[in-house]
>>> print(open('start-v9.csv').read())   # CSV, C-alpha atoms and all ligand atoms
chain,number,residue,atom,x,y,z
K,1,MET,CA,-70.3,-30.4,-46.1
K,2,VAL,CA,-71.8,-27.2,-47.5
K,3,LYS,CA,-75.5,-26.5,-47.6
K,4,ALA,CA,-76.6,-23.9,-50.2
K,5,VAL,CA,-80.1,-22.5,-50.4
K,6,VAL,CA,-81.7,-20.7,-53.3
K,7,ALA,CA,-84.8,-18.6,-52.2
K,8,GLY,CA,-86.8,-17.9,-55.3
K,9,ALA,CA,-85.5,-21.0,-56.9
K,10,ALA,CA,-88.4,-21.6,-59.4
K,11,GLY,CA,-88.0,-18.2,-61.1
K,12,GLY,CA,-86.2,-16.9,-64.1
K,13,ILE,CA,-82.9,-16.5,-62.2
K,14,GLY,CA,-83.6,-19.1,-59.6
K,15,GLN,CA,-83.7,-22.1,-62.0
K,16,PRO,CA,-80.5,-21.6,-63.9
K,17,LEU,CA,-78.8,-20.4,-60.7
K,18,SER,CA,-79.9,-23.6,-58.9
K,19,LEU,CA,-78.5,-25.6,-61.9
K,20,LEU,CA,-75.1,-23.8,-61.7
K,21,LEU,CA,-75.0,-24.5,-57.9
K,22,LYS,CA,-75.9,-28.1,-58.5
K,23,LEU,CA,-72.9,-28.3,-60.8
K,24,ASN,CA,-70.6,-26.7,-58.2
K,25,PRO,CA,-68.6,-29.5,-56.5
K,26,ILE,CA,-68.3,-27.5,-53.2
K,27,VAL,CA,-72.0,-27.8,-52.6
K,28,THR,CA,-73.1,-31.0,-51.0
K,29,GLU,CA,-76.6,-30.1,-50.1
K,30,LEU,CA,-78.8,-27.8,-52.3
K,31,SER,CA,-82.1,-26.7,-50.8
K,32,LEU,CA,-84.6,-24.9,-53.1
K,33,TYR,CA,-87.3,-22.7,-51.7
K,34,ASP,CA,-90.0,-20.8,-53.6
K,35,VAL,CA,-93.7,-20.1,-53.2
K,36,VAL,CA,-94.3,-22.2,-56.4
K,37,ASN,CA,-92.8,-25.2,-58.1
K,38,ALA,CA,-89.7,-25.6,-56.0
K,39,PRO,CA,-90.2,-29.4,-55.5
K,40,GLY,CA,-90.5,-29.8,-59.3
K,41,VAL,CA,-87.2,-27.9,-60.0
K,42,ALA,CA,-85.6,-29.9,-57.2
K,43,ALA,CA,-86.7,-33.3,-58.6
K,44,ASP,CA,-85.4,-32.2,-62.1
K,45,LEU,CA,-82.0,-31.2,-60.8
K,46,SER,CA,-81.7,-34.2,-58.5
K,47,HIS,CA,-81.1,-36.5,-61.5
K,48,ILE,CA,-77.8,-34.8,-62.3
K,49,PRO,CA,-74.9,-36.9,-61.0
K,50,THR,CA,-73.0,-34.3,-58.9
K,51,PRO,CA,-72.4,-34.3,-55.1
K,52,ALA,CA,-75.2,-31.9,-54.1
K,53,GLN,CA,-78.3,-33.6,-52.7
K,54,VAL,CA,-81.3,-31.6,-53.8
K,55,SER,CA,-84.6,-30.9,-52.0
K,56,GLY,CA,-87.4,-28.5,-52.7
K,57,PHE,CA,-89.7,-26.7,-50.3
K,58,LEU,CA,-92.9,-24.6,-50.6
K,59,PRO,CA,-94.2,-22.3,-47.9
K,60,ASN,CA,-96.8,-24.7,-46.7
K,61,THR,CA,-95.0,-28.0,-47.0
K,62,GLY,CA,-91.8,-29.6,-45.9
K,63,SER,CA,-89.4,-31.3,-48.2
K,64,GLN,CA,-91.1,-33.5,-50.8
K,65,GLY,CA,-92.2,-36.7,-49.2
K,66,HIS,CA,-92.0,-35.2,-45.7
K,67,LYS,CA,-95.2,-33.3,-45.3
K,68,GLY,CA,-96.4,-32.9,-41.7
K,69,PRO,CA,-98.3,-30.3,-39.6
K,70,GLU,CA,-95.3,-28.5,-38.4
K,71,GLU,CA,-93.7,-28.4,-41.8
K,72,GLU,CA,-97.0,-27.1,-43.3
K,73,LYS,CA,-96.3,-23.8,-41.6
K,74,ARG,CA,-92.6,-23.7,-41.8
K,75,GLY,CA,-91.5,-24.4,-45.4
K,76,ALA,CA,-89.0,-21.5,-45.5
K,77,VAL,CA,-87.4,-22.3,-42.2
K,78,ASN,CA,-87.2,-26.0,-43.1
K,79,ALA,CA,-85.5,-25.2,-46.4
K,80,LEU,CA,-83.0,-22.9,-44.7
K,81,LYS,CA,-82.2,-25.0,-41.6
K,82,GLY,CA,-78.4,-25.2,-41.1
K,83,ALA,CA,-77.6,-23.4,-44.4
K,84,ASP,CA,-74.1,-22.2,-44.9
K,85,ILE,CA,-75.0,-19.9,-47.8
K,86,VAL,CA,-78.3,-18.5,-49.0
K,87,VAL,CA,-78.7,-16.9,-52.4
K,88,ILE,CA,-81.8,-14.8,-52.9
K,89,PRO,CA,-83.4,-14.1,-56.2
K,90,ALA,CA,-86.9,-14.0,-54.8
K,91,GLY,CA,-89.3,-11.2,-56.0
K,92,VAL,CA,-90.7,-9.4,-58.9
K,93,PRO,CA,-88.6,-8.3,-61.8
K,94,ARG,CA,-88.9,-5.1,-63.9
K,95,LYS,CA,-91.0,-4.4,-66.9
K,96,PRO,CA,-90.2,-1.7,-69.5
K,97,GLY,CA,-90.6,1.8,-68.1
K,98,MET,CA,-90.0,0.7,-64.5
K,99,THR,CA,-87.0,1.7,-62.4
K,100,ARG,CA,-85.5,-0.7,-59.9
K,101,ASP,CA,-86.9,1.5,-57.2
K,102,ASP,CA,-90.4,0.6,-58.4
K,103,LEU,CA,-89.6,-2.9,-57.2
K,104,PHE,CA,-89.5,-1.8,-53.5
K,105,ILE,CA,-92.6,-4.0,-53.2
K,106,ASN,CA,-90.0,-6.8,-52.8
K,107,ALA,CA,-88.9,-5.4,-49.5
K,108,GLY,CA,-91.7,-7.4,-47.7
K,109,ILE,CA,-90.5,-10.7,-49.3
K,110,CYS,CA,-86.9,-9.8,-48.2
K,111,ALA,CA,-87.9,-9.0,-44.6
K,112,THR,CA,-89.8,-12.3,-44.3
K,113,LEU,CA,-86.9,-14.3,-45.7
K,114,ALA,CA,-84.6,-12.4,-43.3
K,115,GLU,CA,-86.7,-13.5,-40.4
K,116,SER,CA,-86.6,-17.1,-41.5
K,117,ILE,CA,-82.8,-16.9,-42.0
K,118,ALA,CA,-82.4,-15.4,-38.5
K,119,GLU,CA,-84.3,-18.4,-37.1
K,120,ALA,CA,-82.9,-21.2,-39.3
K,121,CYS,CA,-79.3,-20.3,-40.2
K,122,PRO,CA,-78.2,-17.0,-38.5
K,123,LYS,CA,-74.5,-17.7,-39.4
K,124,ALA,CA,-75.2,-18.2,-43.1
K,125,PHE,CA,-73.6,-16.0,-45.8
K,126,ILE,CA,-76.5,-14.1,-47.4
K,127,LEU,CA,-76.3,-13.1,-51.0
K,128,VAL,CA,-79.1,-10.7,-52.0
K,129,ILE,CA,-80.0,-10.5,-55.7
K,130,SER,CA,-83.6,-9.3,-55.2
K,131,ASN,CA,-84.1,-5.7,-56.4
K,132,PRO,CA,-83.7,-2.9,-55.6
K,133,VAL,CA,-80.5,-4.2,-54.1
K,134,ASN,CA,-79.6,-0.6,-52.9
K,135,SER,CA,-82.6,-0.9,-50.5
K,136,THR,CA,-83.1,-4.7,-50.0
K,137,VAL,CA,-79.7,-5.2,-48.5
K,138,PRO,CA,-80.4,-2.6,-45.8
K,139,VAL,CA,-83.8,-4.3,-45.3
K,140,PHE,CA,-82.0,-7.6,-44.6
K,141,ALA,CA,-79.6,-5.9,-42.2
K,142,GLU,CA,-82.4,-4.2,-40.2
K,143,VAL,CA,-84.4,-7.4,-39.7
K,144,LEU,CA,-81.3,-9.3,-38.7
K,145,LYS,CA,-80.3,-6.5,-36.3
K,146,LYS,CA,-83.8,-6.7,-34.7
K,147,LYS,CA,-83.3,-10.4,-34.3
K,148,GLY,CA,-79.9,-9.8,-32.7
K,149,VAL,CA,-78.0,-11.9,-35.4
K,150,PHE,CA,-76.7,-9.3,-37.8
K,151,ASP,CA,-73.1,-9.9,-38.9
K,152,PRO,CA,-72.1,-7.3,-41.6
K,153,LYS,CA,-69.3,-9.6,-42.7
K,154,ARG,CA,-71.9,-12.1,-43.9
K,155,LEU,CA,-74.3,-10.0,-45.9
K,156,PHE,CA,-73.6,-9.2,-49.6
K,157,GLY,CA,-75.6,-7.4,-52.2
K,158,VAL,CA,-74.7,-9.2,-55.5
K,159,THR,CA,-73.4,-6.6,-58.0
K,160,THR,CA,-71.4,-9.1,-60.1
K,161,LEU,CA,-73.6,-8.7,-63.1
K,162,ASP,CA,-72.4,-5.1,-63.4
K,163,CYS,CA,-68.8,-6.4,-63.5
K,164,LEU,CA,-69.7,-9.1,-66.1
K,165,ARG,CA,-71.3,-6.4,-68.3
K,166,ALA,CA,-68.3,-4.1,-67.8
K,167,SER,CA,-65.9,-6.8,-69.0
K,168,THR,CA,-68.1,-7.6,-72.0
K,169,PHE,CA,-68.8,-4.0,-73.1
K,170,VAL,CA,-65.2,-2.8,-72.6
K,171,ALA,CA,-63.8,-5.7,-74.6
K,172,SER,CA,-66.3,-4.9,-77.4
K,173,VAL,CA,-65.3,-1.2,-77.5
K,174,VAL,CA,-61.6,-1.9,-77.5
K,175,GLY,CA,-62.1,-4.3,-80.4
K,176,GLU,CA,-61.4,-7.6,-78.5
K,177,PRO,CA,-64.9,-9.0,-78.1
K,178,THR,CA,-63.7,-12.6,-77.8
K,179,GLU,CA,-61.3,-11.6,-74.9
K,180,ALA,CA,-64.0,-10.2,-72.6
K,181,SER,CA,-63.1,-12.4,-69.6
K,182,LYS,CA,-59.6,-11.0,-69.4
K,183,TYR,CA,-60.9,-7.5,-68.5
K,184,VAL,CA,-61.4,-7.0,-64.8
K,185,ILE,CA,-63.1,-3.7,-64.0
K,186,PRO,CA,-64.1,-2.7,-60.5
K,187,VAL,CA,-67.7,-1.5,-60.3
K,188,VAL,CA,-68.4,0.4,-57.1
K,189,GLY,CA,-71.3,2.4,-55.6
K,190,GLY,CA,-74.6,0.5,-55.9
K,191,HIS,CA,-76.8,-1.5,-58.3
K,192,ALA,CA,-79.1,0.9,-60.1
K,193,GLY,CA,-78.5,3.5,-62.9
K,194,HIS,CA,-76.2,6.2,-61.9
K,195,THR,CA,-75.2,4.5,-58.6
K,196,ILE,CA,-73.4,1.9,-60.8
K,197,LEU,CA,-69.9,3.3,-61.1
K,198,PRO,CA,-67.5,1.4,-63.3
K,199,LEU,CA,-63.9,2.4,-62.6
K,200,LEU,CA,-62.6,2.3,-66.1
K,201,SER,CA,-59.3,4.0,-65.1
K,202,GLN,CA,-58.6,1.0,-62.8
K,203,ALA,CA,-59.3,-1.7,-65.5
K,204,LYS,CA,-56.9,-4.5,-65.8
K,205,PRO,CA,-55.5,-4.7,-68.4
K,206,SER,CA,-55.8,-1.0,-68.9
K,207,ILE,CA,-58.2,0.4,-71.4
K,208,PRO,CA,-56.4,2.2,-74.3
K,209,SER,CA,-56.3,6.0,-74.0
K,210,SER,CA,-58.0,6.1,-77.5
K,211,VAL,CA,-61.1,5.0,-75.6
K,212,LEU,CA,-60.5,6.6,-72.1
K,213,LYS,CA,-59.7,10.0,-73.5
K,214,ASP,CA,-62.5,10.0,-76.1
K,215,LYS,CA,-65.3,11.7,-74.2
K,216,SER,CA,-68.2,10.4,-76.4
K,217,LYS,CA,-66.8,6.8,-76.5
K,218,ARG,CA,-66.2,6.8,-72.8
K,219,ASP,CA,-69.6,8.3,-71.9
K,220,ALA,CA,-71.4,5.8,-74.1
K,221,LEU,CA,-69.4,2.9,-72.5
K,222,VAL,CA,-70.2,4.1,-69.0
K,223,HIS,CA,-73.9,4.6,-69.9
K,224,ARG,CA,-74.1,1.1,-71.3
K,225,ILE,CA,-72.7,-0.4,-68.1
K,226,GLN,CA,-75.0,1.7,-65.9
K,227,PHE,CA,-78.1,0.9,-67.9
K,228,GLY,CA,-77.3,-2.5,-69.3
K,229,GLY,CA,-80.2,-3.9,-67.3
K,230,ASP,CA,-82.6,-1.8,-69.3
K,231,GLU,CA,-81.3,-3.3,-72.6
K,232,VAL,CA,-82.5,-6.7,-71.4
K,233,VAL,CA,-85.7,-5.5,-69.9
K,234,GLU,CA,-86.6,-3.8,-73.2
K,235,ALA,CA,-85.6,-6.8,-75.3
K,236,LYS,CA,-87.7,-9.1,-73.1
K,237,ALA,CA,-90.6,-6.8,-73.7
K,238,GLY,CA,-92.5,-7.2,-70.5
K,239,THR,CA,-91.6,-10.8,-69.8
K,240,GLY,CA,-88.8,-10.0,-67.2
K,241,SER,CA,-85.3,-8.8,-66.8
K,242,ALA,CA,-81.8,-10.4,-67.0
K,243,THR,CA,-82.0,-14.0,-65.8
K,244,LEU,CA,-79.4,-16.1,-67.4
K,245,SER,CA,-76.5,-13.6,-67.2
K,246,MET,CA,-77.6,-13.0,-63.6
K,247,ALA,CA,-77.6,-16.7,-62.8
K,248,GLN,CA,-74.0,-16.9,-64.1
K,249,ALA,CA,-73.1,-13.8,-62.1
K,250,GLY,CA,-74.7,-15.1,-58.9
K,251,ALA,CA,-73.1,-18.5,-59.3
K,252,GLU,CA,-69.7,-16.9,-59.8
K,253,PHE,CA,-70.0,-14.7,-56.8
K,254,ALA,CA,-71.3,-17.6,-54.6
K,255,ASP,CA,-68.4,-19.8,-55.8
K,256,LYS,CA,-65.9,-17.1,-54.6
K,257,VAL,CA,-67.6,-16.8,-51.2
K,258,MET,CA,-67.6,-20.6,-50.8
K,259,ARG,CA,-64.0,-21.1,-52.0
K,260,ALA,CA,-62.8,-18.5,-49.5
K,261,ALA,CA,-64.9,-19.7,-46.6
K,262,PHE,CA,-64.9,-23.5,-47.0
K,263,LYS,CA,-61.8,-24.2,-49.1
K,264,GLY,CA,-59.5,-21.6,-47.4
K,265,GLU,CA,-58.6,-20.0,-50.7
K,266,THR,CA,-56.9,-16.6,-50.3
K,267,GLY,CA,-56.7,-13.6,-52.6
K,268,LEU,CA,-60.3,-13.8,-53.7
K,269,VAL,CA,-61.6,-10.3,-54.3
K,270,ALA,CA,-64.9,-9.1,-55.9
K,271,PRO,CA,-67.0,-6.0,-55.7
K,272,SER,CA,-70.1,-6.3,-53.6
K,273,TYR,CA,-72.7,-3.9,-52.0
K,274,VAL,CA,-72.1,-4.2,-48.3
K,275,ASN,CA,-72.6,-2.6,-44.9
K,276,LEU,CA,-69.4,-0.8,-44.4
K,277,GLU,CA,-69.3,-1.8,-40.7
K,278,ALA,CA,-68.0,-5.1,-42.0
K,279,ASP,CA,-64.6,-3.4,-41.8
K,280,PRO,CA,-64.9,-0.3,-39.5
K,281,SER,CA,-61.4,1.1,-40.2
K,282,ALA,CA,-61.8,0.8,-44.0
K,283,ALA,CA,-65.3,2.3,-43.6
K,284,LYS,CA,-63.8,5.6,-42.5
K,285,THR,CA,-61.4,5.7,-45.4
K,286,ILE,CA,-64.2,4.8,-47.9
K,287,GLN,CA,-66.6,7.4,-46.4
K,288,GLN,CA,-63.8,10.0,-46.7
K,289,GLU,CA,-63.2,9.0,-50.3
K,290,ILE,CA,-66.9,9.3,-51.3
K,291,GLY,CA,-67.5,12.4,-49.2
K,292,LYS,CA,-70.5,11.1,-47.3
K,293,ASP,CA,-71.1,8.8,-44.3
K,294,LEU,CA,-73.1,6.3,-46.2
K,295,ALA,CA,-73.6,3.0,-44.3
K,296,TYR,CA,-73.7,0.9,-47.6
K,297,PHE,CA,-71.5,1.1,-50.6
K,298,SER,CA,-70.2,-1.4,-53.2
K,299,VAL,CA,-66.4,-1.8,-53.1
K,300,ASN,CA,-63.9,-4.5,-53.8
K,301,VAL,CA,-64.3,-7.0,-51.0
K,302,GLU,CA,-61.5,-9.4,-49.9
K,303,LEU,CA,-63.2,-12.7,-49.1
K,304,GLY,CA,-62.2,-15.0,-46.2
K,305,LYS,CA,-63.3,-17.7,-43.8
K,306,GLU,CA,-65.8,-15.5,-42.1
K,307,GLY,CA,-67.1,-13.8,-45.3
K,308,ILE,CA,-65.7,-10.2,-45.6
K,309,ALA,CA,-62.1,-10.2,-44.6
K,310,LYS,CA,-61.4,-6.7,-45.7
K,311,LEU,CA,-62.9,-3.9,-47.7
K,312,ASN,CA,-60.7,-2.2,-50.2
K,313,PRO,CA,-60.8,1.6,-50.6
K,314,VAL,CA,-62.2,3.0,-53.8
K,315,GLY,CA,-58.6,4.1,-54.6
K,316,LYS,CA,-57.3,6.5,-57.2
K,317,ILE,CA,-60.0,7.7,-59.7
K,318,ASP,CA,-59.8,10.2,-62.4
K,319,GLU,CA,-61.8,13.4,-63.0
K,320,THR,CA,-64.6,11.8,-65.0
K,321,GLU,CA,-65.1,9.2,-62.2
K,322,THR,CA,-65.0,11.9,-59.5
K,323,ALA,CA,-68.0,13.5,-61.2
K,324,LEU,CA,-69.8,10.2,-61.6
K,325,LEU,CA,-69.1,9.3,-57.9
K,326,LYS,CA,-70.8,12.5,-56.8
K,327,LYS,CA,-74.0,11.6,-58.7
K,328,ALA,CA,-73.8,7.9,-57.5
K,329,VAL,CA,-73.6,9.0,-53.8
K,330,GLU,CA,-76.5,11.5,-54.3
K,331,ASP,CA,-78.7,8.8,-55.8
K,332,LEU,CA,-77.7,6.1,-53.4
K,333,GLU,CA,-78.4,7.9,-50.1
K,334,PRO,CA,-82.3,7.9,-50.4
K,335,SER,CA,-82.4,4.3,-51.5
K,336,ILE,CA,-80.4,3.3,-48.4
K,337,ASN,CA,-82.7,5.4,-46.2
K,338,LYS,CA,-85.7,3.8,-47.7
K,339,GLY,CA,-84.4,0.3,-47.0
K,340,VAL,CA,-83.3,1.2,-43.4
K,341,GLY,CA,-86.7,2.8,-42.7
K,342,PHE,CA,-88.8,-0.1,-44.0
K,343,SER,CA,-91.3,-1.4,-41.5
K,344,PRO,CA,-92.4,-5.0,-42.4
K,345,ALA,CA,-96.2,-5.6,-41.9
K,346,SER,CA,-95.4,-8.6,-39.8
K,347,LYS,CA,-94.2,-8.3,-36.2
K,348,LEU,CA,-90.6,-9.1,-35.9
C,1,LIG,N1,-78.9,-8.0,-58.5
C,1,LIG,C1,-79.0,-8.1,-59.8
C,1,LIG,O1,-78.0,-7.8,-60.5
C,1,LIG,C2,-80.2,-8.6,-60.4
C,1,LIG,C3,-80.2,-9.0,-61.8
C,1,LIG,C4,-81.4,-9.5,-62.3
C,1,LIG,C5,-82.6,-9.5,-61.6
C,1,LIG,N2,-82.5,-9.1,-60.3
C,1,LIG,C6,-83.7,-9.2,-59.5
C,1,LIG,O2,-84.0,-10.5,-59.1
C,1,LIG,C7,-85.3,-10.7,-58.7
C,1,LIG,C8,-85.9,-12.0,-59.4
C,1,LIG,O3,-85.8,-11.9,-60.8
C,1,LIG,P1,-86.4,-13.0,-61.8
C,1,LIG,O4,-86.2,-12.6,-63.1
C,1,LIG,O5,-85.8,-14.3,-61.3
C,1,LIG,O6,-88.0,-13.0,-61.4
C,1,LIG,P2,-89.0,-14.2,-61.5
C,1,LIG,O7,-90.4,-13.6,-61.4
C,1,LIG,O8,-88.8,-15.0,-62.8
C,1,LIG,O9,-88.7,-15.1,-60.3
C,1,LIG,C9,-88.9,-14.7,-59.0
C,1,LIG,C10,-89.2,-15.9,-58.1
C,1,LIG,O10,-89.4,-15.5,-56.8
C,1,LIG,C11,-90.5,-16.2,-56.2
C,1,LIG,N3,-91.0,-15.6,-55.0
C,1,LIG,C12,-91.9,-14.7,-54.9
C,1,LIG,N4,-92.2,-14.4,-53.6
C,1,LIG,C13,-91.4,-15.3,-52.9
C,1,LIG,C14,-91.2,-15.5,-51.5
C,1,LIG,N5,-91.9,-14.8,-50.6
C,1,LIG,N6,-90.3,-16.4,-51.2
C,1,LIG,C15,-89.6,-17.1,-52.1
C,1,LIG,N7,-89.8,-17.0,-53.4
C,1,LIG,C16,-90.6,-16.0,-53.8
C,1,LIG,C17,-91.5,-16.3,-57.4
C,1,LIG,O11,-92.4,-17.4,-57.2
C,1,LIG,C18,-90.6,-16.6,-58.6
C,1,LIG,O12,-90.4,-17.9,-58.8
C,1,LIG,C19,-86.0,-9.4,-59.2
C,1,LIG,O13,-86.3,-8.6,-58.1
C,1,LIG,C20,-85.0,-8.8,-60.2
C,1,LIG,O14,-85.2,-7.4,-60.3
C,1,LIG,C21,-81.4,-8.6,-59.7
C,2,LIG,O1,-82.4,-4.4,-64.7
C,2,LIG,C1,-83.0,-5.1,-63.9
C,2,LIG,O2,-84.1,-4.7,-63.4
C,2,LIG,C2,-82.4,-6.4,-63.4
C,2,LIG,C3,-81.1,-6.3,-62.9
C,2,LIG,O3,-80.9,-5.4,-61.9
C,2,LIG,C4,-80.1,-6.0,-64.0
C,2,LIG,O4,-79.1,-5.2,-63.8
C,2,LIG,O5,-80.2,-6.7,-65.1
>>> encode(input="start-v9.csv", output="structure tokens", more="lines below")
Ligand SMILES: NC(=O)c1ccc[n+]([C@@H]2O[C@H](COP(=O)([O-])OP(=O)(O)OC[C@H]3O[C@@H](n4cnc5c(N)ncnc54)[C@H](O)[C@@H]3O)[C@@H](O)[C@H]2O)c1
Ligand SMILES: O=C(O)C[C@H](O)C(=O)O
Amino acid sequence: MVKAVVAGAAGGIGQPLSLLLKLNPIVTELSLYDVVNAPGVAADLSHIPTPAQVSGFLPNTGSQGHKGPEEEKRGAVNALKGADIVVIPAGVPRKPGMTRDDLFINAGICATLAESIAEACPKAFILVISNPVNSTVPVFAEVLKKKGVFDPKRLFGVTTLDCLRASTFVASVVGEPTEASKYVIPVVGGHAGHTILPLLSQAKPSIPSSVLKDKSKRDALVHRIQFGGDEVVEAKAGTGSATLSMAQAGAEFADKVMRAAFKGETGLVAPSYVNLEADPSAAKTIQQEIGKDLAYFSVNVELGKEGIAKLNPVGKIDETETALLKKAVEDLEPSINKGVGFSPASKL
């Protein structure tokens, strides 16, 4: 039995992500939480004949049909109770002209959700989508630490959308747009602008040297992967950011985490933005590679029964990537510090 929770389930990402999790046969219980409309989304999804039993929760109510004084106050905790995996797309998205850092207003939402998780499901795998991921993941970690339940092996910043974009854009540049899914490109660093570092030299299958050695083609490709989010923000013209591609990315990553943890599948590897303490010996190697003792970085993660089984080093990178890595580390450090230093208004 696997209980999955989506926090922010009524939103642009939350709804299609909840649909994709409802379609995932590993999930037997799907609990949807949002400050608006979660019971409506739950009622809708509940008519699909797949194993997951769906319920929806608001902050001031329990599950639909089970309202009571205690549940009035404890919607989030009720939604989260006993969860095995919590996927979090709660919070405000960007509008044109904003950076992800401008979304630091989401830190408070994240801290409150982290408190509820600490109480309701401290062992759950936590997949953070809410931006700015470079800071919100440290916010989650700090709250969980204060509550004495932090396990770095179970906390993931979801960076899968950067990998999906890398596959799609690389396939397009090499003239194989219909073959996008065959390109696997590790994307390391973080999830914002220059912190997004696609390792094109490690692509599988490899990218032809006619692209890799052509500076303008390569720079344009890297730029498109780093700033792909802006394309969607601008195209949506003030109505939000990537939702459907993000839902697919979140569902893909959640599926891998669940297959490794609950189905015992081995060999599942995916990049994710994590606290490097998840694998202390690998942390030292990674910090040496990146030239800085950052506590958080996105690397290829080997998934297992307990979440993170192993962190893979960045590995061999070329000269272009070495320069990009320097910039990524420079930009990442203040975002991490901002998340670590965040003080929630509420008393923890
Ligand atoms: N990690 C990534 O790659 C990635 C990709 C796309 C978007 N995002 C981020 O995901 C977040 C959500 O984006 P969206 O387009 O779905 O936004 P949205 O506004 O459509 O949906 C957000 C949902 O969160 C809910 N919410 C607000 N406060 C909440 C709380 N305290 N508890 C529970 N739910 C709450 C809202 O009611 C809303 O339904 C944004 O921060 C966005 O920047 C991240
Ligand atoms: O660009 C955004 O603000 C949303 C998300 O982080 C993305 O990469 O699409």
>>> residues_around(input="start-v9.csv", residues="Val222 of chain K", least_positions_apart="6", cutoff="10 Å", atoms="all atoms listed in the file", output="PyMOL selection string")
chain K and resi 166+169-170+194+196-200+216+228+321+324
>>> residues_around(input="start-v9.csv", residues="segment 159-162 of chain K", least_positions_apart="2", cutoff="6 Å", atoms="only C-alpha atoms", output="ChimeraX atom specification")
/K:164-165,246,249,272
>>> closest_residue(input="start-v9.csv", among="K:Thr50, K:Asn134, K:Ser343, K:Ser209", to="ligand LIG 1 (chain C)", atoms="only C-alpha atoms and all ligand atoms")
K:Asn134
>>> atom_distance(input="start-v9.csv", atom1="atom CA of Gly56 of chain K", atom2="atom C2 of ligand LIG 1 (chain C)")
22.5 Å
>>> atom_distance(input="start-v9.csv", atom1="atom CA of Glu252 of chain K", atom2="atom CA of Glu306 of chain K")
18.2 Å
>>> residues_near_ligand(input="start-v9.csv", ligand="ligand LIG 1 (chain C)", cutoff="7 Å", atoms="only C-alpha atoms and all ligand atoms", output="ChimeraX atom specification")
/K:7-14,33-36,89-94,100,103,106,109,113,129-133,158-162,191,240-243,246
>>> residues_around(input="start-v9.csv", residues="Lys256 of chain K", least_positions_apart="4", cutoff="12 Å", atoms="only C-alpha atoms", output="PyMOL selection string")
chain K and resi 24+26+85+125+127+158+160+249-252+260-272+301-305+307-308
>>> write_last_selection(input="start-v9.csv", atoms="C-alpha atoms", output="PDB file, in the coordinates of the input")
ATOM      1  CA  ASN K  24     -70.600 -26.700 -58.200  1.00  0.00           C
ATOM      2  CA  ILE K  26     -68.300 -27.500 -53.200  1.00  0.00           C
ATOM      3  CA  ILE K  85     -75.000 -19.900 -47.800  1.00  0.00           C
ATOM      4  CA  PHE K 125     -73.600 -16.000 -45.800  1.00  0.00           C
ATOM      5  CA  LEU K 127     -76.300 -13.100 -51.000  1.00  0.00           C
ATOM      6  CA  VAL K 158     -74.700  -9.200 -55.500  1.00  0.00           C
ATOM      7  CA  THR K 160     -71.400  -9.100 -60.100  1.00  0.00           C
ATOM      8  CA  ALA K 249     -73.100 -13.800 -62.100  1.00  0.00           C
ATOM      9  CA  GLY K 250     -74.700 -15.100 -58.900  1.00  0.00           C
ATOM     10  CA  ALA K 251     -73.100 -18.500 -59.300  1.00  0.00           C
ATOM     11  CA  GLU K 252     -69.700 -16.900 -59.800  1.00  0.00           C
ATOM     12  CA  ALA K 260     -62.800 -18.500 -49.500  1.00  0.00           C
ATOM     13  CA  ALA K 261     -64.900 -19.700 -46.600  1.00  0.00           C
ATOM     14  CA  PHE K 262     -64.900 -23.500 -47.000  1.00  0.00           C
ATOM     15  CA  LYS K 263     -61.800 -24.200 -49.100  1.00  0.00           C
ATOM     16  CA  GLY K 264     -59.500 -21.600 -47.400  1.00  0.00           C
ATOM     17  CA  GLU K 265     -58.600 -20.000 -50.700  1.00  0.00           C
ATOM     18  CA  THR K 266     -56.900 -16.600 -50.300  1.00  0.00           C
ATOM     19  CA  GLY K 267     -56.700 -13.600 -52.600  1.00  0.00           C
ATOM     20  CA  LEU K 268     -60.300 -13.800 -53.700  1.00  0.00           C
ATOM     21  CA  VAL K 269     -61.600 -10.300 -54.300  1.00  0.00           C
ATOM     22  CA  ALA K 270     -64.900  -9.100 -55.900  1.00  0.00           C
ATOM     23  CA  PRO K 271     -67.000  -6.000 -55.700  1.00  0.00           C
ATOM     24  CA  SER K 272     -70.100  -6.300 -53.600  1.00  0.00           C
ATOM     25  CA  VAL K 301     -64.300  -7.000 -51.000  1.00  0.00           C
ATOM     26  CA  GLU K 302     -61.500  -9.400 -49.900  1.00  0.00           C
ATOM     27  CA  LEU K 303     -63.200 -12.700 -49.100  1.00  0.00           C
ATOM     28  CA  GLY K 304     -62.200 -15.000 -46.200  1.00  0.00           C
ATOM     29  CA  LYS K 305     -63.300 -17.700 -43.800  1.00  0.00           C
ATOM     30  CA  GLY K 307     -67.100 -13.800 -45.300  1.00  0.00           C
ATOM     31  CA  ILE K 308     -65.700 -10.200 -45.600  1.00  0.00           C
TER      32      ILE K 308
END
>>> atom_distance(input="start-v9.csv", atom1="atom CA of Pro51 of chain K", atom2="atom CA of Thr28 of chain K")
5.3 Å
>>> closest_residue(input="start-v9.csv", among="K:Val6, K:Val188, K:Leu17, K:Ala118", to="Ser31 of chain K", atoms="all atoms listed in the file")
K:Val6
>>> closest_residue(input="start-v9.csv", among="K:Ser335, K:Ser181, K:Ser206, K:Thr99", to="ligand LIG 2 (chain C)", atoms="only C-alpha atoms and all ligand atoms")
K:Thr99
>>> closest_residue(input="start-v9.csv", among="K:Gly229, K:Leu294, K:Glu289, K:Val86", to="Thr322 of chain K", atoms="all atoms listed in the file")
K:Glu289
>>> decode(input="start-v9.csv", residues="segment 317-323 of chain K", atoms="C-alpha atoms", output="compact mmCIF listing (two decimals), in the first residue's frame")
# COMPACT_ATOMS: atom_id res chain seq x y z
CA ILE K 317 33.48 17.62 -17.63
CA ASP K 318 35.02 19.65 -20.42
CA GLU K 319 36.43 23.17 -20.45
CA THR K 320 33.13 24.86 -21.37
CA GLU K 321 31.36 23.07 -18.51
CA THR K 322 34.14 23.95 -16.06
CA ALA K 323 33.46 27.65 -16.72
